[in-house]
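Asker: To be precise about what I am sending: the file is called target_22.txt and holds compact mmCIF, C-alpha atoms.
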# COMPACT_ATOMS: atom_id res chain seq x y z
CA MET A 1 107.90 99.59 81.52
CA SER A 2 110.90 98.30 83.31
CA ALA A 3 111.31 96.79 86.73
CA PHE A 4 112.60 100.19 87.76
CA ASP A 5 109.34 101.89 86.74
CA GLN A 6 107.44 99.39 88.78
CA MET A 7 109.59 100.09 91.82
CA VAL A 8 108.97 103.81 91.43
CA ASP A 9 105.25 103.20 91.28
CA ASP A 10 105.44 101.04 94.37
CA LEU A 11 107.34 103.73 96.21
CA LEU A 12 104.95 106.48 95.21
CA ALA A 13 102.00 104.31 96.16
CA GLU A 14 103.35 104.15 99.71
CA GLU A 15 102.18 107.73 100.13
CA GLU A 16 98.57 106.95 99.30
CA LYS A 17 96.30 107.13 102.30
CA VAL A 18 94.27 104.44 103.97
CA PRO A 19 91.66 104.94 106.69
CA CYS A 20 92.83 103.64 110.06
CA GLU A 21 90.95 103.12 113.27
CA PHE A 22 92.95 103.56 116.47
CA LEU A 23 92.49 100.69 118.84
CA HIS A 24 93.41 102.53 122.01
CA GLU A 25 93.98 106.00 123.36
CA SER A 26 97.19 107.40 122.01
CA HIS A 27 99.14 110.11 123.69
CA HIS A 28 101.06 112.74 121.78
CA LEU A 29 99.43 111.76 118.52
CA GLY A 30 96.71 114.39 118.48
CA TRP A 31 98.50 116.27 115.72
CA LEU A 32 97.69 113.48 113.29
CA ASP A 33 94.06 114.51 113.39
CA ASP A 34 93.44 117.80 111.65
CA ASP A 35 90.08 118.35 113.35
CA GLY A 36 91.03 117.20 116.78
CA ASP A 37 92.49 119.41 119.42
CA GLY A 38 94.82 118.54 122.18
CA ASP A 39 97.50 115.99 122.57
CA MET A 40 95.38 112.88 122.84
CA LEU A 41 93.91 110.68 120.20
CA ALA A 42 90.82 108.91 121.45
CA SER A 43 90.37 105.21 121.03
CA GLY A 44 88.26 104.49 117.97
CA ALA A 45 89.40 107.63 116.19
CA LYS A 46 89.35 107.23 112.42
CA ILE A 47 92.13 108.96 110.54
CA GLU A 48 93.53 108.61 107.05
CA LEU A 49 97.20 107.76 107.20
CA PRO A 50 99.71 107.06 104.46
CA VAL A 51 100.46 103.42 103.86
CA TYR A 52 104.02 103.55 105.14
CA LEU A 53 102.79 104.87 108.49
CA ALA A 54 99.71 102.67 108.69
CA SER A 55 101.71 99.51 108.06
CA GLU A 56 104.05 100.29 110.95
CA LEU A 57 101.20 101.12 113.32
CA LEU A 58 99.42 97.95 112.24
CA ARG A 59 102.47 95.90 113.05
CA GLY A 60 102.48 97.33 116.56
CA ASN A 61 98.78 96.50 116.87
CA HIS A 62 97.85 100.12 117.37
CA VAL A 63 95.40 100.46 114.51
CA ASP A 64 92.98 98.56 112.33
CA VAL A 65 93.30 99.31 108.65
CA LEU A 66 90.00 99.72 106.84
CA THR A 67 89.46 99.33 103.13
CA PRO A 68 89.76 102.70 101.40
CA GLN A 69 86.80 103.97 99.47
CA CYS A 70 88.52 103.52 96.10
CA PHE A 71 88.39 99.75 96.66
CA GLY A 72 84.89 99.87 98.12
CA PRO A 73 81.84 97.96 96.94
CA GLN A 74 80.93 100.60 94.38
CA THR A 75 84.23 100.21 92.57
CA ARG A 76 84.12 96.45 92.85
CA ASN A 77 80.69 96.27 91.29
CA ALA A 78 81.72 98.59 88.51
CA LEU A 79 84.81 96.50 87.83
CA LYS A 80 82.75 93.36 87.83
CA ALA A 81 80.25 94.83 85.40
CA ASP A 82 82.77 96.10 82.88
CA PRO A 83 86.44 96.42 83.81
CA ASP A 84 87.28 98.28 80.61
CA VAL A 85 85.30 101.43 81.16
CA VAL A 86 86.08 102.13 84.81
CA ASN A 87 88.28 105.15 85.20
CA LEU A 88 90.92 103.88 87.59
CA ARG A 89 92.97 107.04 87.33
CA ASP A 90 90.13 108.88 89.07
CA LYS A 91 89.84 106.22 91.76
CA ASN A 92 93.51 106.15 92.54
CA GLU A 93 96.47 106.93 90.39
CA PHE A 94 98.36 103.88 91.59
CA PHE A 95 95.34 101.63 91.71
CA PHE A 96 97.15 98.31 91.43
CA ALA A 97 100.32 99.12 93.37
CA HIS A 98 98.20 100.66 96.12
CA GLY A 99 95.72 97.82 95.94
CA LEU A 100 98.44 95.27 96.52
CA ARG A 101 99.56 97.10 99.65
CA VAL A 102 96.02 97.51 100.92
CA ALA A 103 95.43 93.80 100.38
CA GLU A 104 98.49 93.11 102.53
CA LEU A 105 97.22 95.40 105.28
CA THR A 106 93.68 94.06 105.29
CA PRO A 107 94.06 90.30 105.19
CA ASP A 108 90.42 89.88 106.28
CA ASP A 109 89.29 91.36 103.00
CA GLU A 110 89.72 88.22 100.96
CA GLY A 111 87.93 89.47 97.86
CA LEU A 112 90.33 92.28 97.07
CA PRO A 113 93.22 90.37 95.45
CA LYS A 114 90.83 88.64 93.11
CA VAL A 115 89.12 91.89 92.18
CA LEU A 116 92.48 93.46 91.36
CA ALA A 117 93.75 90.50 89.36
CA ASP A 118 90.53 90.06 87.39
CA ALA A 119 90.37 93.74 86.60
CA PHE A 120 93.96 93.86 85.45
CA GLU A 121 93.55 90.79 83.30
CA ALA A 122 90.52 92.18 81.49
CA ARG A 123 92.09 95.58 81.03
CA TYR A 124 95.32 93.97 79.85
CA ARG A 125 93.44 92.33 77.00
CA ARG A 126 91.96 95.62 75.97
CA MET A 127 95.35 97.31 76.06
CA LEU A 128 96.89 94.45 74.13
CA ASP A 129 94.41 94.86 71.31
CA THR A 130 94.87 98.59 71.16
CA CYS A 131 98.65 98.30 71.26
CA LEU A 132 98.88 95.64 68.62
CA THR A 133 96.66 97.38 66.15
CA GLY A 134 98.93 100.36 66.69
CA SER A 135 96.18 102.76 65.92
CA ASP A 136 96.99 106.40 66.14
CA GLY A 137 95.60 108.65 68.76
CA ASP A 138 93.63 107.49 71.72
CA PRO A 139 90.68 105.30 70.84
CA GLY A 140 87.80 105.75 73.20
CA GLY A 141 89.78 107.94 75.56
CA LEU A 142 91.54 104.84 76.85
CA THR A 143 94.60 106.56 78.27
CA HIS A 144 92.54 108.73 80.58
CA ARG A 145 91.15 105.69 82.30
CA LEU A 146 94.41 103.91 82.92
CA SER A 147 96.17 103.89 86.22
CA SER A 148 99.82 104.87 86.33
CA THR A 149 101.18 101.35 85.91
CA GLU A 150 98.83 100.58 83.06
CA SER A 151 99.50 103.78 81.24
CA LYS A 152 103.26 103.19 81.39
CA LEU A 153 102.75 99.71 79.99
CA PHE A 154 100.43 101.00 77.32
CA ARG A 155 102.84 103.67 76.22
CA THR A 156 105.75 101.25 75.88
CA GLY A 157 103.52 98.84 74.00
CA LEU A 158 102.41 101.49 71.58
CA ALA A 159 105.97 102.79 71.18
CA GLY A 160 107.21 99.32 70.21
CA GLN A 161 104.45 98.92 67.68
CA ARG A 162 104.94 102.35 66.15
CA ASP A 163 108.68 101.78 65.93
CA TYR A 164 108.07 98.60 63.98
CA GLN A 165 105.69 100.33 61.61
CA ARG A 166 108.14 103.14 61.13
CA TRP A 167 110.86 100.65 60.28
CA LYS A 168 108.61 98.98 57.74
CA ALA A 169 107.83 102.26 56.11
CA GLY A 170 111.56 102.82 55.78
CA GLN A 171 111.68 105.80 58.07
CA ALA A 172 113.61 104.22 60.88
CA GLY A 173 117.04 105.32 59.81
CA ARG A 174 116.20 108.94 59.38
CA ILE A 175 116.44 111.53 62.03
CA THR A 176 113.11 113.14 62.79
CA ALA A 177 112.09 115.84 65.20
CA CYS A 178 111.04 114.46 68.55
CA ASP A 179 107.34 114.31 69.37
CA MET A 180 107.48 117.14 71.85
CA ILE A 181 108.81 119.58 69.29
CA ARG A 182 106.42 118.50 66.59
CA HIS A 183 103.40 118.82 68.83
CA ALA A 184 104.33 122.07 70.45
CA ARG A 185 102.48 124.84 68.66
CA LYS A 186 104.78 127.68 69.31
CA ARG A 187 107.07 127.89 72.20
CA GLN A 188 107.66 131.14 73.87
CA ARG A 189 111.25 132.10 73.80
CA CYS A 190 112.90 132.84 77.07
CA ALA A 191 113.24 136.57 77.05
CA PRO A 192 116.29 137.96 78.75
CA LEU A 193 115.55 139.55 82.09
CA GLY A 194 114.19 143.04 81.91
CA GLN A 195 112.64 142.66 78.49
CA SER A 196 108.97 141.96 78.07
CA SER A 197 108.24 138.92 75.98
CA THR A 198 105.52 139.07 73.40
CA PRO A 199 102.85 136.42 73.84
CA ALA A 200 102.82 133.82 71.12
CA MET B 1 110.71 108.24 69.65
CA SER B 2 111.84 107.92 73.18
CA PHE B 3 112.90 104.57 74.46
CA VAL B 4 112.79 103.07 77.86
CA PRO B 5 115.98 101.35 78.90
CA GLY B 6 115.83 97.75 77.79
CA ASP B 7 114.01 98.47 74.58
CA ILE B 8 115.72 97.56 71.35
CA PRO B 9 114.78 99.69 68.36
CA THR B 10 113.54 97.68 65.40
CA ALA B 11 116.21 99.21 63.17
CA GLU B 12 118.78 97.46 65.32
CA TYR B 13 117.41 94.07 64.33
CA GLU B 14 117.96 95.05 60.74
CA PHE B 15 121.55 95.76 61.69
CA PHE B 16 121.92 92.30 63.25
CA ALA B 17 120.40 90.75 60.14
CA GLU B 18 123.10 92.17 57.95
CA ASN B 19 125.44 89.42 59.11
CA THR B 20 123.34 86.79 57.37
CA ILE B 21 125.32 84.95 54.72
CA VAL B 22 124.06 85.26 51.14
CA MET B 23 125.37 84.19 47.76
CA ILE B 24 126.44 86.82 45.30
CA VAL B 25 127.70 86.76 41.75
CA PRO B 26 130.33 89.49 41.58
CA ASN B 27 131.47 91.26 38.47
CA LEU B 28 134.79 92.39 39.83
CA THR B 29 138.05 90.85 40.99
CA LEU B 30 139.03 91.04 44.62
CA PRO B 31 141.54 89.15 46.76
CA VAL B 32 140.50 87.19 49.86
CA LEU B 33 138.95 89.46 52.52
CA GLU B 34 139.98 88.55 56.05
CA MET B 35 137.25 89.45 58.52
CA ILE B 36 136.42 88.54 62.07
CA HIS B 37 133.70 86.22 60.81
CA GLY B 38 136.11 84.42 58.56
CA ASN B 39 137.59 84.80 55.14
CA PHE B 40 135.50 85.70 52.15
CA GLY B 41 136.54 85.48 48.56
CA PRO B 42 138.60 85.55 46.45
CA PHE B 43 136.14 87.18 44.08
CA ARG B 44 136.26 86.59 40.37
CA PRO B 45 133.65 87.72 37.86
CA LEU B 46 130.70 85.34 37.48
CA ILE B 47 131.92 82.94 40.15
CA PRO B 48 129.30 82.75 42.98
CA GLU B 49 130.68 83.49 46.41
CA ARG B 50 129.33 83.53 50.01
CA VAL B 51 129.42 86.90 51.76
CA PRO B 52 127.64 88.65 54.63
CA LEU B 53 124.57 90.58 53.58
CA TRP B 54 126.01 93.98 54.42
CA PHE B 55 128.91 93.38 52.07
CA ALA B 56 126.61 92.13 49.35
CA LEU B 57 124.45 95.24 49.68
CA ALA B 58 127.49 97.50 49.61
CA LEU B 59 128.66 95.88 46.37
CA LYS B 60 125.13 96.01 45.04
CA LYS B 61 124.91 99.74 45.61
CA ARG B 62 128.01 100.13 43.45
CA GLN B 63 126.49 97.70 40.92
CA ARG B 64 129.37 95.30 41.39
CA CYS B 65 127.35 92.15 41.95
CA SER B 66 123.99 90.51 41.72
CA ILE B 67 122.57 88.80 44.77
CA GLN B 68 121.21 85.26 44.56
CA LEU B 69 118.03 85.30 46.60
CA PRO B 70 117.77 82.86 49.49
CA SER B 71 115.63 79.87 48.57
CA TRP B 72 112.90 80.79 51.08
CA LEU B 73 112.31 84.10 49.33
CA GLY B 74 110.88 82.58 46.14
CA VAL B 75 107.21 83.05 45.30
CA ASP B 76 106.53 79.30 45.52
CA GLU B 77 108.27 78.92 48.87
CA LEU B 78 106.50 81.92 50.33
CA THR B 79 103.13 80.68 49.10
CA LYS B 80 103.80 77.36 50.81
CA THR B 81 104.81 79.11 54.02
CA LEU B 82 101.70 81.26 53.94
CA GLU B 83 99.44 78.27 53.42
CA ALA B 84 101.07 76.34 56.24
CA GLU B 85 100.83 79.39 58.45
CA ARG B 86 97.12 79.71 57.78
CA ARG B 87 96.50 76.00 58.25
CA ASN B 88 98.34 75.36 61.50
CA GLU B 89 97.97 76.98 64.84
CA ARG B 90 101.68 76.82 65.51
CA PHE B 91 104.12 79.25 63.99
CA GLU B 92 106.14 78.09 61.03
CA ASP B 93 109.88 77.87 61.59
CA LEU B 94 111.32 80.75 59.64
CA PRO B 95 114.95 81.79 59.25
CA GLN B 96 115.94 83.95 62.19
CA HIS B 97 116.07 87.18 60.22
CA PHE B 98 113.31 86.38 57.77
CA PHE B 99 111.59 89.76 57.71
CA GLU B 100 114.68 91.92 57.97
CA VAL B 101 116.53 90.18 55.13
CA ALA B 102 113.44 90.23 52.93
CA HIS B 103 112.91 93.89 53.71
CA LEU B 104 116.51 94.81 52.91
CA LEU B 105 116.62 92.84 49.69
CA LEU B 106 113.32 94.26 48.48
CA GLU B 107 114.55 97.71 49.21
CA LEU B 108 118.07 97.56 47.83
CA ALA B 109 118.23 94.63 45.44
CA ARG B 110 114.85 94.73 43.81
CA ASP B 111 116.15 93.94 40.32
CA ASP B 112 117.45 90.56 41.53
CA PHE B 113 113.86 89.38 41.98
CA GLY B 114 113.48 89.16 38.23
CA ASP B 115 110.65 91.28 36.94
CA ALA B 116 108.71 93.90 38.85
CA ARG B 117 105.69 91.61 39.13
CA THR B 118 107.60 88.95 41.00
CA ALA B 119 108.95 91.49 43.43
CA HIS B 120 105.46 92.80 43.91
CA SER B 121 103.95 89.41 44.63
CA VAL B 122 106.80 88.60 47.03
CA GLU B 123 105.99 91.81 48.85
CA GLY B 124 102.34 90.88 49.06
CA LEU B 125 103.09 87.38 50.33
CA LEU B 126 105.45 88.71 52.97
CA ALA B 127 102.83 91.15 54.19
CA ASP B 128 100.26 88.34 54.35
CA ILE B 129 102.60 86.05 56.28
CA GLU B 130 103.36 88.83 58.70
CA ASP B 131 99.69 89.60 59.24
CA VAL B 132 98.71 86.00 59.80
CA ARG B 133 101.49 85.50 62.32
CA HIS B 134 100.71 88.75 64.03
CA ALA B 135 97.06 87.81 64.43
CA LYS B 136 98.10 84.45 65.86
CA MET B 137 100.46 86.08 68.30
CA ARG B 138 97.74 88.43 69.41
CA ALA B 139 95.40 85.54 69.98
CA GLN B 140 98.05 83.75 72.03
CA PHE B 141 98.62 86.71 74.28
CA ALA B 142 94.91 87.41 74.69
CA ARG B 143 94.48 83.88 76.02
CA VAL B 144 96.88 84.46 78.86
CA GLU B 145 95.61 83.60 82.26
CA LEU B 146 97.21 82.56 85.46
CA GLY B 147 96.55 79.10 86.68
CA ALA B 148 97.51 77.35 89.84
CA HIS B 149 100.95 76.56 88.49
CA GLY B 150 101.79 79.88 86.93
CA LEU B 151 101.18 81.18 83.46
CA LEU B 152 98.79 79.28 81.29
CA GLY B 153 97.76 80.11 77.82
CA VAL B 154 100.95 81.28 76.19
CA THR B 155 102.20 77.95 75.06
CA ARG B 156 102.80 78.38 71.41
CA LEU B 157 105.25 81.19 70.92
CA ARG B 158 107.84 78.87 69.51
CA GLY B 159 108.89 79.80 66.02
CA LEU B 160 108.42 83.53 66.34
CA THR B 161 111.35 85.53 65.03
CA PRO B 162 113.08 88.07 67.29
CA ILE B 163 111.74 91.08 65.45
CA GLU B 164 108.17 89.90 65.91
CA ILE B 165 108.69 89.29 69.58
CA ASN B 166 110.27 92.69 69.97
CA ARG B 167 107.06 94.35 68.83
CA ILE B 168 105.33 93.28 71.97
CA ARG B 169 108.16 92.34 74.31
CA THR B 170 108.20 95.24 76.75
CA PHE B 171 104.44 95.40 76.98
CA ALA B 172 104.01 91.68 77.42
CA THR B 173 106.78 91.16 79.97
CA GLY B 174 105.61 94.16 82.00
CA SER B 175 101.96 93.17 81.94
CA LEU B 176 102.55 89.52 82.67
CA GLY B 177 104.91 90.48 85.48
CA MET B 178 102.21 92.67 86.97
CA LEU B 179 99.62 89.96 86.53
CA LYS B 180 101.88 87.52 88.31
CA ARG B 181 102.25 89.93 91.20
CA LEU B 182 98.51 90.43 91.42
CA ARG B 183 97.74 86.74 91.25
CA PRO B 184 100.60 84.81 92.76
CA ALA B 185 100.62 81.15 91.90
CA GLU B 186 98.47 79.28 94.35
CA ASP B 187 100.99 76.50 94.65
CA ALA B 188 103.39 78.83 96.44
CA GLN B 189 102.11 77.44 99.74
CA THR B 190 100.86 74.04 98.71
CA GLN B 191 103.85 72.82 96.81
CA PRO B 192 103.70 69.16 96.05
CA THR B 193 106.03 67.63 98.61
CA GLN B 194 108.88 65.90 96.96
CA THR B 195 108.86 62.24 97.61
CA LEU B 196 112.23 60.63 97.50
CA PRO B 197 112.65 56.96 96.71
CA ALA B 198 112.10 55.14 99.98
CA GLY B 199 115.10 52.88 99.62
CA LEU B 200 117.45 55.79 99.50
CA TYR B 201 116.58 57.47 102.79
CA GLY B 202 114.65 54.74 104.58
CA GLN B 203 111.22 55.75 105.89
CA GLN B 204 112.34 59.21 106.92
CA PRO B 205 110.04 61.89 105.57
CA ALA B 206 111.77 64.01 102.98
CA PHE B 207 110.12 67.17 104.19
CA VAL B 208 110.11 68.08 107.87
CA ASP B 209 107.47 70.50 109.01
CA ASP B 210 109.14 73.28 110.93
CA ARG B 211 106.34 73.66 113.47
CA ALA B 212 106.21 69.94 114.15
CA LEU B 213 109.92 69.98 114.78
CA GLN B 214 109.62 72.89 117.20
CA ALA B 215 106.80 71.20 119.08
CA THR B 216 108.88 68.05 119.46
CA LEU B 217 111.82 69.99 120.75
CA GLN B 218 109.67 71.84 123.28
CA ARG B 219 108.18 68.63 124.58
CA ARG B 220 111.68 67.28 125.16
CA ARG B 221 112.61 70.31 127.20
Mind turning the file's structure into structure tokens?

Answerer:
Amino acid sequence: MSAFDQMVDDLLAEEEKVPCEFLHESHHLGWLDDDGDGDMLASGAKIELPVYLASELLRGNHVDVLTPQCFGPQTRNALKADPDVVNLRDKNEFFFAHGLRVAELTPDDEGLPKVLADAFEARYRRMLDTCLTGSDGDPGGLTHRLSSTESKLFRTGLAGQRDYQRWKAGQAGRITACDMIRHARKRQRCAPLGQSSTPA
Amino acid sequence: MSFVPGDIPTAEYEFFAENTIVMIVPNLTLPVLEMIHGNFGPFRPLIPERVPLWFALALKKRQRCSIQLPSWLGVDELTKTLEAERRNERFEDLPQHFFEVAHLLLELARDDFGDARTAHSVEGLLADIEDVRHAKMRAQFARVELGAHGLLGVTRLRGLTPIEINRIRTFATGSLGMLKRLRPAEDAQTQPTQTLPAGLYGQQPAFVDDRALQATLQRRR
């Protein structure tokens, strides 16, 4: 997980949507609303907009940004009860990067930064333990619950640990097949055009 | 194994460790070797000489020398280190390439440890030391939390060798960086205002509030 990875996550998270409420009638914006017809957007219309658009509209005081459902009370309670078992990937792939942006856009929602930080801290401890024991496989289906940022961190952590163990076992210097090749069962060869390939 | 940029493979630390100076007893004659690190030799049979580890191991492979083990690699020394490591919360100060050198010597110069039993007990002690330190490191990182003035908790990483840090480096730096983003230090706004000695600048406040200054200027207009 490098600073570059984090920037990529931040960029991708800009596309995540947040619900916005329009504060006044907006002309020529009717196309933003899939259900609406016509050119006008009524005042009070609620539309989900990507963060990059919402932040600009918010700056011009055209919209109010509401807290998205993935940071709603249900998620918060679940995170409070047990941060480890909540599947953040299902809530939002870029839970933390997106959360940081949402927290910026909804300054009234004072609880959100703390929820995010507490959740990350608890989940970090869990990842730390799993990484450092360097156990094989995926104990407790952990990787399926991790958001994008976490799973990148987790993978680098595990890679470092495995590399160390490999070195200790004296296998570091040898050339081995890469994981992808070892795990692939049987790859279908690319048949030249015009020939039918036999299924593996 | 795929590596993210910035990661250093563990095998590379072994490579760095090969520059460690060790004592050998050669059984061949060689003139002075002029190297970037300095001059080594001349080598005469049975006269101990200082050389880099890689050279010692190369001679060893050809059975041209015996390596004198570093003092910290004796059974007694290692036992002491292990006991101290278990007793104290802080990490013992080990030579920089402790684990790599031990690993290399055990692998390639096993007969220099004396009998097989000694080598075996050295191996066991090394594994114990590593485990104890690893558990301590894990405890240190699990204690991490962010306080008002930044990171708290990780205070006792002093004494860890590079190869141990490397095991967790990318994960730890990434996670702690993320944690710092999520919970910025609270003193970012309420920094303690620096007070300068009064005699130096008279009674003038060292820190001028921008808004106060603007208000004053507007009143003057």

Asker: Between atom CA of Phe91 of chain B and atom CA of Ala139 of chain B, what is the distance in Å, rounded to a tenth?

Answerer: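 Calculated distance between atom CA of Phe91 of chain B and atom CA of Ala139 of chain B is 12.3 Å.
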
Asker: Could you tell me how far atom CA of Phe55 of chain B lies from atom CA of Glu18 of chain B, in Å and to one decimal?

Answerer: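 If I compute the distance from atom CA of Phe55 of chain B to atom CA of Glu18 of chain B, I get 8.4 Å.
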
Asker: Between atom CA of Ile163 of chain B and atom CA of Glu12 of chain B, what is the spacing in Å?

Answerer: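 Atom CA of Glu12 of chain B sits 9.5 Å away from atom CA of Ile163 of chain B.
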
Asker: I'd like the contact shell of Asp9 of chain A - 9 Å cut-off, all atoms listed in the file, skipping same-chain residues fewer than 4 positions apart - returned as a list in words.

Answerer: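 Final neighbour list, sorted by chain and number: Phe4, Asp5, Ala13, Glu14, Phe94, Ala97, His98, Ser148 and Thr149 of chain A.
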
Asker: Within 6 Å of chain B, which residues of chain A show up when using only C-alpha atoms, listed as a tab-separated table (two decimals) with C-alpha atoms, keeping the file's coordinate frame?

Answerer:
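Output contents, as saved in out_20.tsv:
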chain	number	residue	atom	x	y	z
A	1	MET	CA	107.90	99.59	81.52
A	117	ALA	CA	93.75	90.50	89.36
A	125	ARG	CA	93.44	92.33	77.00
A	153	LEU	CA	102.75	99.71	79.99
A	157	GLY	CA	103.52	98.84	74.00
A	160	GLY	CA	107.21	99.32	70.21
A	161	GLN	CA	104.45	98.92	67.68
A	164	TYR	CA	108.07	98.60	63.98

Asker: Using all atoms listed in the file, which residues sit within 10 Å of Val102 of chain A once same-chain residues fewer than 6 positions away are excluded, as a ChimeraX atom specification?

Answerer: /A:14,16-18,51,55,65-68,71,96,109,112-113

Asker: With 3 Å added on each side, what axis-aligned box encloses every listed atom of segment 61-70 of chain A? Give the centre and edge lengths in Å to one decimal, as lines of an AutoDock Vina configuration file.

Answerer:
center_x = 92.8
center_y = 100.2
center_z = 106.7
size_x = 18.0
size_y = 13.5
size_z = 27.3

Asker: Could you check which of B:Thr118, B:Gln140, B:Gln63, B:Gln68 is closest to Arg90 of chain B, using all atoms listed in the file?

Answerer: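 Among the listed residues, B:Gln140 lies closest to Arg90 of chain B.
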
Asker: Would you pick out the contacts of Thr143 of chain A at 12 Å or less, using only C-alpha atoms, so that residues sharing its chain but fewer than 2 positions from it are not included, and give the list as a list of chain:residue names?

Answerer: A:Asp84, A:Val85, A:Val86, A:Asn87, A:Leu88, A:Arg89, A:Asp90, A:Arg123, A:Arg126, A:Met127, A:Thr130, A:Cys131, A:Gly137, A:Asp138, A:Pro139, A:Gly140, A:Gly141, A:Arg145, A:Leu146, A:Ser147, A:Ser148, A:Thr149, A:Glu150, A:Ser151, A:Lys152, A:Leu153, A:Phe154, A:Arg155, A:Leu158

Asker: With all atoms listed in the file as the atoms that count, which of A:Ser26, A:Arg76, A:Ala42, A:Leu49 lies nearest to Gly111 of chain A?

Answerer: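 Comparing A:Ser26, A:Arg76, A:Ala42, A:Leu49 against Gly111 of chain A, the winner is A:Arg76.
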
Asker: Taking (98.9, 77.2, 64.5) in the file's coordinates as the center, which residues reach within 12 Å of it, counting only C-alpha atoms, put as a VMD selection string?

Answerer: chain B and resid 82 to 93 132 to 137 139 to 140 155 to 160
